[in-house]
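What follows is one structure encoded as structure tokens, with my remarks underneath.
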Amino acid sequence: MPPADTGASVTDRAAASPLSSTGSSSSSAAAPDPESAKLRPGGPGYRRMSFALFAAGVATFALLYSTQALLPAISAGLRVSPDQASWTVSAATFGLALGVIPLSAVSERLGRRTLMTVSLSVATLIAMLVPFAPSLGVLIALRGIQGVALAGLPASAMAFLAEEVRAKALMAAIGLFVAGNSIGGMTGRILTGWVAQAWGWRAALGAVGVLAVICTVTFRLLVPKARHFTSRSVGPRTLARTLGGHLADPLLRRLYAIGGLFMTVFGAVYTVIGYRLVSEPFNLPPGIVGSIFVVYLVGTVSSAAAGKLVARTGRRGALYLAVGTTTTGLLLTLSDSVYAVLAGLILITAGFFAGHAVASSAVSRTAKTARAQASALYQCAYYAGSSLGGALGAAAFHAVGWDGTVLLGLAAMVGAASITLYATRRAITERRLLHLEQAA
């Protein structure tokens, strides 16, 4: 059964409508181009939209991973093990994965812009309560609720861009949003590292809350009104039918799996790396450990450049490069040299953000209808991978050390490479069959 049309914009449906059999070529030429009314680089509103979504991306990753660089301090302060403390990260990402699909349906009714504003506002409010959590259980509960609140942003952002930005500029617009994620991840971790070193981990979480307030206000002031969104109600049966339609698409299934596997690596590495760097043989202070996350700038560059990479190598070629880069980085982190570990983190970050930008943009372009739900499924797989990676990575580190965390990451990259190889072989087979048919 085909997916229900719950996410396509009015312009999408107009573009998909067949020409009348009685229409003349002159009448077709006179018909307005739906793409011409959308935002484009250099056009009015595009810059405001870009800065608004960039600010939203910063707030999302800064809040979502606010405890990640603080895990050693939280373990010491609350007297808990690494695998227990890691749930302050995994609870947030699991909450986001849980909430992203229902909230994508809400966005069809309320609008992408409205839901993103509410999402950021509620998550920021919770961020101001998190520093006062009296126990690990309360902290994990607040982080889980915060993750659900944050789910409204990824549930709406990709669909908002797909509806409001011209198709040719979509990859660049999504790349900039992902770049905002990387800046948020970097800023949040550096900020918390130095604040925690001076005033403790609770003050550090408060500082992230203040950053989120600034980003939320910036987003609300700059984000343009949606011009290509039509409100519609999405019931449970319609939502289930729509999700089933997307999951029946083999390409979308592969993209969801690839996004989840890349995020498994990223979640595992960055949840555990702080524990490794504060212990032997490195013994780095919290401020320096937080500053290590400046390598997120590499992710900003690689995600923004993903469009050019796809243009040169194709989508599968870009994914092979992302897998190879991430795998090389994982192997480098096995060294006891801090410089080798830093180089490994740079490669892991570059590979991850490139792979994520390629996969997420491919989802937006592949889904012709119900884009919000298609994007929500990707985000669900993506953040489920983060939650799983963080929890399993910390458990592996607690059991056998950093080698266990790296082994988990390598297994995930083998999975991503295998999926991409399968897609490559299938494409080659289809081209051969096409040539044979044409020759016959």
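Every chain in the structure tokens takes a letter, A first, then B, and so on in the order presented; its residues are numbered from 1, and the ligands are numbered from 1 following the presented order.
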Can you check which parts of stretch 64-95 of chain A lie within 10 Å of stretch 185-205 of chain A? Per residue, the shortest pair of atoms and distance in Å to one decimal, counting only C-alpha atoms, sorted by chain and number, as CSV.
```
residue,atom,partner,partner_atom,distance
A:Leu64,CA,A:Gly185,CA,8.5
A:Tyr65,CA,A:Gly185,CA,6.9
A:Ser66,CA,A:Gly188,CA,6.2
A:Thr67,CA,A:Leu205,CA,7.3
A:Gln68,CA,A:Arg189,CA,7.4
A:Ala69,CA,A:Arg189,CA,5.5
A:Leu70,CA,A:Trp201,CA,6.3
A:Leu71,CA,A:Trp201,CA,8.9
A:Pro72,CA,A:Trp201,CA,9.6
A:Ala73,CA,A:Trp201,CA,6.4
A:Ile74,CA,A:Trp201,CA,6.9
A:Gly77,CA,A:Trp201,CA,8.4
```
Take the residues just selected and output them with all heavy atoms as a CSV table (one decimal), in the first residue's frame.
```csv
chain,number,residue,atom,x,y,z
A,64,LEU,N,21.5,18.2,24.0
A,64,LEU,CA,21.4,16.7,23.9
A,64,LEU,C,22.6,16.0,24.6
A,64,LEU,O,22.5,15.0,25.2
A,64,LEU,CB,21.2,16.3,22.5
A,64,LEU,CG,20.8,14.8,22.2
A,64,LEU,CD1,19.5,14.5,22.9
A,64,LEU,CD2,20.8,14.5,20.7
A,65,TYR,N,23.8,16.6,24.4
A,65,TYR,CA,25.0,15.9,24.8
A,65,TYR,C,25.7,16.7,26.0
A,65,TYR,O,26.9,16.7,26.1
A,65,TYR,CB,26.0,15.7,23.7
A,65,TYR,CG,25.4,14.7,22.7
A,65,TYR,CD1,24.9,15.1,21.5
A,65,TYR,CD2,25.4,13.3,22.9
A,65,TYR,CE1,24.3,14.2,20.6
A,65,TYR,CE2,24.9,12.4,22.0
A,65,TYR,CZ,24.4,12.9,20.9
A,65,TYR,OH,23.8,12.0,20.0
A,66,SER,N,24.9,17.5,26.7
A,66,SER,CA,25.5,18.4,27.7
A,66,SER,C,26.2,17.7,28.8
A,66,SER,O,27.1,18.2,29.4
A,66,SER,CB,24.3,19.3,28.3
A,66,SER,OG,23.3,18.4,28.9
A,67,THR,N,25.8,16.4,29.1
A,67,THR,CA,26.5,15.7,30.2
A,67,THR,C,27.7,14.9,29.7
A,67,THR,O,28.4,14.3,30.5
A,67,THR,CB,25.5,14.8,30.9
A,67,THR,OG1,25.0,13.8,30.0
A,67,THR,CG2,24.4,15.5,31.5
A,68,GLN,N,27.9,14.8,28.4
A,68,GLN,CA,28.8,13.8,27.8
A,68,GLN,C,30.3,14.1,28.3
A,68,GLN,O,31.0,13.2,28.7
A,68,GLN,CB,28.8,13.7,26.3
A,68,GLN,CG,29.4,12.5,25.7
A,68,GLN,CD,29.1,12.4,24.2
A,68,GLN,OE1,29.4,13.3,23.4
A,68,GLN,NE2,28.4,11.3,23.8
A,69,ALA,N,30.7,15.3,28.2
A,69,ALA,CA,32.1,15.7,28.6
A,69,ALA,C,32.2,15.7,30.1
A,69,ALA,O,33.4,15.7,30.6
A,69,ALA,CB,32.5,17.0,28.0
A,70,LEU,N,31.1,15.7,30.8
A,70,LEU,CA,31.1,15.7,32.3
A,70,LEU,C,31.0,14.4,32.9
A,70,LEU,O,31.0,14.3,34.2
A,70,LEU,CB,30.0,16.6,32.7
A,70,LEU,CG,29.9,18.1,32.2
A,70,LEU,CD1,28.6,18.7,32.6
A,70,LEU,CD2,31.1,18.8,32.8
A,71,LEU,N,31.0,13.3,32.2
A,71,LEU,CA,30.7,12.0,32.8
A,71,LEU,C,31.7,11.6,33.9
A,71,LEU,O,31.3,11.1,34.9
A,71,LEU,CB,30.7,10.9,31.7
A,71,LEU,CG,29.5,11.0,30.7
A,71,LEU,CD1,29.5,9.9,29.7
A,71,LEU,CD2,28.2,10.9,31.5
A,72,PRO,N,33.0,11.8,33.7
A,72,PRO,CA,34.0,11.5,34.8
A,72,PRO,C,33.6,12.3,36.0
A,72,PRO,O,33.7,11.7,37.1
A,72,PRO,CB,35.3,11.9,34.2
A,72,PRO,CG,35.2,11.7,32.7
A,72,PRO,CD,33.8,12.2,32.4
A,73,ALA,N,33.3,13.6,35.9
A,73,ALA,CA,33.0,14.4,37.1
A,73,ALA,C,31.7,13.9,37.7
A,73,ALA,O,31.5,13.9,38.9
A,73,ALA,CB,32.9,15.8,36.6
A,74,ILE,N,30.7,13.6,36.9
A,74,ILE,CA,29.4,13.1,37.4
A,74,ILE,C,29.6,11.7,38.1
A,74,ILE,O,29.1,11.5,39.2
A,74,ILE,CB,28.4,12.9,36.3
A,74,ILE,CG1,28.0,14.3,35.7
A,74,ILE,CG2,27.2,12.2,36.7
A,74,ILE,CD1,27.1,14.2,34.5
A,77,GLY,N,31.2,12.7,41.4
A,77,GLY,CA,30.3,13.5,42.3
A,77,GLY,C,29.2,12.7,42.8
A,77,GLY,O,28.8,12.8,44.0
```
- Contacts of A:Thr325 at 9 Å (only C-alpha atoms; same-chain gap of 2+ positions) as an MDAnalysis selection string: chainID A and resid 320:323 327:330 347:352
- Message: One number please: atom CA of A:Leu221 to atom CA of A:Val106, in Å, one decimal.
- Response: 22.4 Å
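When only C-alpha atoms are used to compute distances to A:Leu345, the closest of the residues A:Met49, A:Ala257, A:Val406, A:Ala141 turns out to be A:Val406.
Coordinates place atom CA of A:Phe353 at a distance of 8.8 Å from atom CA of A:Val301.
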- Query: Which residues come within 9 Å of A:Ile145, counting only C-alpha atoms, excluding same-chain residues fewer than 2 positions away, as a ChimeraX atom specification?
  - Reply: /A:91-92,95-96,123,126,140-143,147-150
All residues 10 Å or closer to A:Leu161, only C-alpha atoms, same chain fewer than 5 positions away omitted, as a PDB file with all heavy atoms, in the first residue's frame:
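Result file is result06.pdb:
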```
ATOM      1  N   LYS A  38      10.450  29.132  -3.898  1.00  0.00           N
ATOM      2  CA  LYS A  38      11.162  28.660  -2.706  1.00  0.00           C
ATOM      3  C   LYS A  38      12.444  29.458  -2.470  1.00  0.00           C
ATOM      4  O   LYS A  38      12.924  30.171  -3.346  1.00  0.00           O
ATOM      5  CB  LYS A  38      11.478  27.175  -2.841  1.00  0.00           C
ATOM      6  CG  LYS A  38      10.236  26.288  -2.844  1.00  0.00           C
ATOM      7  CD  LYS A  38      10.607  24.815  -2.790  1.00  0.00           C
ATOM      8  CE  LYS A  38       9.379  23.931  -2.710  1.00  0.00           C
ATOM      9  NZ  LYS A  38       9.736  22.503  -2.563  1.00  0.00           N
ATOM     10  N   LEU A  39      12.980  29.313  -1.271  1.00  0.00           N
ATOM     11  CA  LEU A  39      14.198  30.034  -0.892  1.00  0.00           C
ATOM     12  C   LEU A  39      15.398  29.494  -1.654  1.00  0.00           C
ATOM     13  O   LEU A  39      15.507  28.296  -1.905  1.00  0.00           O
ATOM     14  CB  LEU A  39      14.437  29.883   0.610  1.00  0.00           C
ATOM     15  CG  LEU A  39      13.358  30.463   1.541  1.00  0.00           C
ATOM     16  CD1 LEU A  39      13.673  30.127   2.986  1.00  0.00           C
ATOM     17  CD2 LEU A  39      13.245  31.962   1.353  1.00  0.00           C
ATOM     18  N   MET A  49      16.930  32.211   7.258  1.00  0.00           N
ATOM     19  CA  MET A  49      16.602  30.812   7.494  1.00  0.00           C
ATOM     20  C   MET A  49      17.844  30.017   7.871  1.00  0.00           C
ATOM     21  O   MET A  49      17.823  29.195   8.795  1.00  0.00           O
ATOM     22  CB  MET A  49      15.952  30.227   6.238  1.00  0.00           C
ATOM     23  CG  MET A  49      15.558  28.752   6.319  1.00  0.00           C
ATOM     24  SD  MET A  49      16.923  27.607   5.964  1.00  0.00           S
ATOM     25  CE  MET A  49      17.355  28.100   4.303  1.00  0.00           C
ATOM     26  N   SER A  50      18.947  30.266   7.175  1.00  0.00           N
ATOM     27  CA  SER A  50      20.185  29.537   7.441  1.00  0.00           C
ATOM     28  C   SER A  50      20.699  29.795   8.851  1.00  0.00           C
ATOM     29  O   SER A  50      21.062  28.859   9.581  1.00  0.00           O
ATOM     30  CB  SER A  50      21.254  29.931   6.414  1.00  0.00           C
ATOM     31  OG  SER A  50      20.850  29.593   5.103  1.00  0.00           O
ATOM     32  N   LEU A  53      18.245  28.121  11.507  1.00  0.00           N
ATOM     33  CA  LEU A  53      18.423  26.672  11.639  1.00  0.00           C
ATOM     34  C   LEU A  53      19.797  26.324  12.194  1.00  0.00           C
ATOM     35  O   LEU A  53      19.963  25.323  12.898  1.00  0.00           O
ATOM     36  CB  LEU A  53      18.197  26.000  10.295  1.00  0.00           C
ATOM     37  CG  LEU A  53      16.757  25.545   9.984  1.00  0.00           C
ATOM     38  CD1 LEU A  53      16.329  24.427  10.917  1.00  0.00           C
ATOM     39  CD2 LEU A  53      15.764  26.697  10.073  1.00  0.00           C
ATOM     40  N   ARG A 112       5.841  23.167  11.102  1.00  0.00           N
ATOM     41  CA  ARG A 112       7.245  22.899  11.461  1.00  0.00           C
ATOM     42  C   ARG A 112       7.803  24.024  12.339  1.00  0.00           C
ATOM     43  O   ARG A 112       8.458  23.785  13.346  1.00  0.00           O
ATOM     44  CB  ARG A 112       8.112  22.768  10.215  1.00  0.00           C
ATOM     45  CG  ARG A 112       7.455  22.168   8.982  1.00  0.00           C
ATOM     46  CD  ARG A 112       7.068  20.732   9.141  1.00  0.00           C
ATOM     47  NE  ARG A 112       6.659  20.188   7.848  1.00  0.00           N
ATOM     48  CZ  ARG A 112       5.952  19.092   7.692  1.00  0.00           C
ATOM     49  NH1 ARG A 112       5.577  18.411   8.751  1.00  0.00           N
ATOM     50  NH2 ARG A 112       5.624  18.650   6.490  1.00  0.00           N
ATOM     51  N   SER A 156      11.038  18.114  12.596  1.00  0.00           N
ATOM     52  CA  SER A 156      10.499  19.160  11.728  1.00  0.00           C
ATOM     53  C   SER A 156      11.533  19.808  10.822  1.00  0.00           C
ATOM     54  O   SER A 156      11.184  20.282   9.734  1.00  0.00           O
ATOM     55  CB  SER A 156       9.854  20.259  12.596  1.00  0.00           C
ATOM     56  OG  SER A 156       8.873  19.743  13.432  1.00  0.00           O
ATOM     57  N   ARG A 166      14.777  25.441  -2.368  1.00  0.00           N
ATOM     58  CA  ARG A 166      14.836  24.826  -3.688  1.00  0.00           C
ATOM     59  C   ARG A 166      15.637  23.530  -3.644  1.00  0.00           C
ATOM     60  O   ARG A 166      16.613  23.415  -2.907  1.00  0.00           O
ATOM     61  CB  ARG A 166      15.470  25.792  -4.693  1.00  0.00           C
ATOM     62  CG  ARG A 166      14.618  27.014  -4.971  1.00  0.00           C
ATOM     63  CD  ARG A 166      15.190  27.852  -6.095  1.00  0.00           C
ATOM     64  NE  ARG A 166      14.403  29.050  -6.315  1.00  0.00           N
ATOM     65  CZ  ARG A 166      14.627  29.922  -7.299  1.00  0.00           C
ATOM     66  NH1 ARG A 166      15.638  29.706  -8.146  1.00  0.00           N
ATOM     67  NH2 ARG A 166      13.869  30.993  -7.432  1.00  0.00           N
ATOM     68  N   ALA A 167      15.228  22.582  -4.468  1.00  0.00           N
ATOM     69  CA  ALA A 167      15.840  21.251  -4.449  1.00  0.00           C
ATOM     70  C   ALA A 167      17.343  21.310  -4.672  1.00  0.00           C
ATOM     71  O   ALA A 167      18.105  20.581  -4.035  1.00  0.00           O
ATOM     72  CB  ALA A 167      15.182  20.366  -5.507  1.00  0.00           C
ATOM     73  N   ALA A 169      19.396  23.542  -3.803  1.00  0.00           N
ATOM     74  CA  ALA A 169      20.096  24.122  -2.654  1.00  0.00           C
ATOM     75  C   ALA A 169      19.854  23.334  -1.378  1.00  0.00           C
ATOM     76  O   ALA A 169      20.371  23.699  -0.317  1.00  0.00           O
ATOM     77  CB  ALA A 169      19.660  25.574  -2.447  1.00  0.00           C
ATOM     78  N   LEU A 170      19.073  22.236  -1.468  1.00  0.00           N
ATOM     79  CA  LEU A 170      18.675  21.502  -0.265  1.00  0.00           C
ATOM     80  C   LEU A 170      19.870  20.875   0.440  1.00  0.00           C
ATOM     81  O   LEU A 170      19.995  20.944   1.662  1.00  0.00           O
ATOM     82  CB  LEU A 170      17.654  20.420  -0.621  1.00  0.00           C
ATOM     83  CG  LEU A 170      17.120  19.584   0.552  1.00  0.00           C
ATOM     84  CD1 LEU A 170      16.452  20.468   1.585  1.00  0.00           C
ATOM     85  CD2 LEU A 170      16.140  18.534   0.047  1.00  0.00           C
ATOM     86  N   MET A 171      20.785  20.263  -0.319  1.00  0.00           N
ATOM     87  CA  MET A 171      21.942  19.612   0.292  1.00  0.00           C
ATOM     88  C   MET A 171      22.777  20.614   1.073  1.00  0.00           C
ATOM     89  O   MET A 171      23.222  20.345   2.197  1.00  0.00           O
ATOM     90  CB  MET A 171      22.782  18.951  -0.803  1.00  0.00           C
ATOM     91  CG  MET A 171      23.999  18.209  -0.279  1.00  0.00           C
ATOM     92  SD  MET A 171      23.544  16.764   0.688  1.00  0.00           S
ATOM     93  CE  MET A 171      25.037  16.533   1.641  1.00  0.00           C
ATOM     94  N   ALA A 173      21.728  23.470   2.381  1.00  0.00           N
ATOM     95  CA  ALA A 173      20.971  23.941   3.537  1.00  0.00           C
ATOM     96  C   ALA A 173      21.001  22.921   4.667  1.00  0.00           C
ATOM     97  O   ALA A 173      21.197  23.267   5.836  1.00  0.00           O
ATOM     98  CB  ALA A 173      19.527  24.234   3.125  1.00  0.00           C
ATOM     99  N   ILE A 174      20.840  21.639   4.331  1.00  0.00           N
ATOM    100  CA  ILE A 174      20.902  20.589   5.339  1.00  0.00           C
ATOM    101  C   ILE A 174      22.319  20.484   5.903  1.00  0.00           C
ATOM    102  O   ILE A 174      22.511  20.281   7.104  1.00  0.00           O
ATOM    103  CB  ILE A 174      20.434  19.249   4.749  1.00  0.00           C
ATOM    104  CG1 ILE A 174      18.925  19.296   4.479  1.00  0.00           C
ATOM    105  CG2 ILE A 174      20.749  18.087   5.695  1.00  0.00           C
ATOM    106  CD1 ILE A 174      18.356  18.049   3.836  1.00  0.00           C
ATOM    107  N   PHE A 177      22.732  23.039   8.537  1.00  0.00           N
ATOM    108  CA  PHE A 177      22.043  22.652   9.767  1.00  0.00           C
ATOM    109  C   PHE A 177      22.860  21.621  10.536  1.00  0.00           C
ATOM    110  O   PHE A 177      23.030  21.714  11.755  1.00  0.00           O
ATOM    111  CB  PHE A 177      20.667  22.095   9.426  1.00  0.00           C
ATOM    112  CG  PHE A 177      19.935  21.519  10.611  1.00  0.00           C
ATOM    113  CD1 PHE A 177      19.543  22.320  11.668  1.00  0.00           C
ATOM    114  CD2 PHE A 177      19.631  20.161  10.661  1.00  0.00           C
ATOM    115  CE1 PHE A 177      18.866  21.789  12.761  1.00  0.00           C
ATOM    116  CE2 PHE A 177      18.960  19.629  11.743  1.00  0.00           C
ATOM    117  CZ  PHE A 177      18.571  20.440  12.795  1.00  0.00           C
ATOM    118  N   ALA A 226       6.701  29.826   7.312  1.00  0.00           N
ATOM    119  CA  ALA A 226       6.583  28.787   6.291  1.00  0.00           C
ATOM    120  C   ALA A 226       5.615  29.250   5.207  1.00  0.00           C
ATOM    121  O   ALA A 226       4.502  29.681   5.504  1.00  0.00           O
ATOM    122  CB  ALA A 226       6.101  27.488   6.918  1.00  0.00           C
ATOM    123  N   SER A 364      15.724  12.962   2.545  1.00  0.00           N
ATOM    124  CA  SER A 364      14.843  14.072   2.187  1.00  0.00           C
ATOM    125  C   SER A 364      14.539  14.093   0.696  1.00  0.00           C
ATOM    126  O   SER A 364      13.439  14.445   0.281  1.00  0.00           O
ATOM    127  CB  SER A 364      15.484  15.405   2.612  1.00  0.00           C
ATOM    128  OG  SER A 364      15.607  15.477   4.017  1.00  0.00           O
TER     129      SER A 364
END
```
- Task: Would you list the contacts of A:Thr424 as a PyMOL selection string, taking every protein, DNA or RNA residue within 12 Å and counting only C-alpha atoms, but skipping same-chain residues closer than 3 positions in sequence?
- Result: chain A and resi 251+254+314-317+319-320+417-421+427-431
Mind dumping the selected residues with N, CA and C atoms as a short mmCIF file (atom, residue, chain, number, x, y, z; two decimals), in the first residue's frame?
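Saved result, out16.cif, follows:
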```
data_model
loop_
_atom_site.label_atom_id
_atom_site.label_comp_id
_atom_site.auth_asym_id
_atom_site.auth_seq_id
_atom_site.Cartn_x
_atom_site.Cartn_y
_atom_site.Cartn_z
N LEU A 251 15.64 1.56 -0.38
CA LEU A 251 16.65 2.61 -0.27
C LEU A 251 16.54 3.34 1.06
N ARG A 254 17.92 1.23 3.88
CA ARG A 254 19.39 1.24 3.92
C ARG A 254 19.92 2.55 4.50
N GLY A 314 29.54 10.51 -6.17
CA GLY A 314 28.25 9.84 -6.02
C GLY A 314 27.96 9.56 -4.56
N ARG A 315 26.70 9.24 -4.25
CA ARG A 315 26.32 9.01 -2.86
C ARG A 315 27.06 7.83 -2.26
N ARG A 316 27.12 6.72 -2.99
CA ARG A 316 27.79 5.54 -2.43
C ARG A 316 29.29 5.77 -2.30
N GLY A 317 29.88 6.47 -3.25
CA GLY A 317 31.31 6.78 -3.14
C GLY A 317 31.61 7.62 -1.92
N LEU A 319 29.87 7.65 0.82
CA LEU A 319 29.69 6.81 2.01
C LEU A 319 30.90 5.90 2.23
N TYR A 320 31.47 5.36 1.15
CA TYR A 320 32.70 4.56 1.29
C TYR A 320 33.82 5.39 1.91
N ALA A 417 29.56 -0.43 5.75
CA ALA A 417 30.23 -0.75 4.50
C ALA A 417 29.51 -1.88 3.76
N SER A 418 29.02 -2.86 4.50
CA SER A 418 28.33 -3.99 3.88
C SER A 418 27.04 -3.54 3.21
N ILE A 419 26.30 -2.66 3.87
CA ILE A 419 25.06 -2.15 3.29
C ILE A 419 25.35 -1.36 2.01
N THR A 420 26.38 -0.53 2.06
CA THR A 420 26.74 0.27 0.88
C THR A 420 27.23 -0.62 -0.26
N LEU A 421 27.99 -1.67 0.07
CA LEU A 421 28.46 -2.60 -0.95
C LEU A 421 27.29 -3.34 -1.59
N ALA A 427 23.06 -1.96 -7.87
CA ALA A 427 23.02 -0.95 -8.92
C ALA A 427 23.73 -1.44 -10.18
N ILE A 428 24.86 -2.12 -9.99
CA ILE A 428 25.60 -2.65 -11.13
C ILE A 428 24.76 -3.70 -11.87
N THR A 429 24.11 -4.57 -11.10
CA THR A 429 23.26 -5.60 -11.71
C THR A 429 22.11 -4.97 -12.49
N GLU A 430 21.49 -3.96 -11.92
CA GLU A 430 20.38 -3.30 -12.61
C GLU A 430 20.84 -2.63 -13.90
N ARG A 431 22.03 -2.03 -13.88
CA ARG A 431 22.55 -1.41 -15.11
C ARG A 431 22.84 -2.45 -16.18
#
```
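Excluding stretch 266-269 of chain A and any residue on its chain fewer than 4 positions from it, the residues at most 8 Å away by only C-alpha atoms are Phe262, Ile273, Ile348, Thr349, Phe352, Gly385, Ser386, Ser387, Leu388, Gly389, Gly390, Ala391, Leu392, Gly393, Ala394, Thr405, Val406, Leu408 and Gly409 of chain A.
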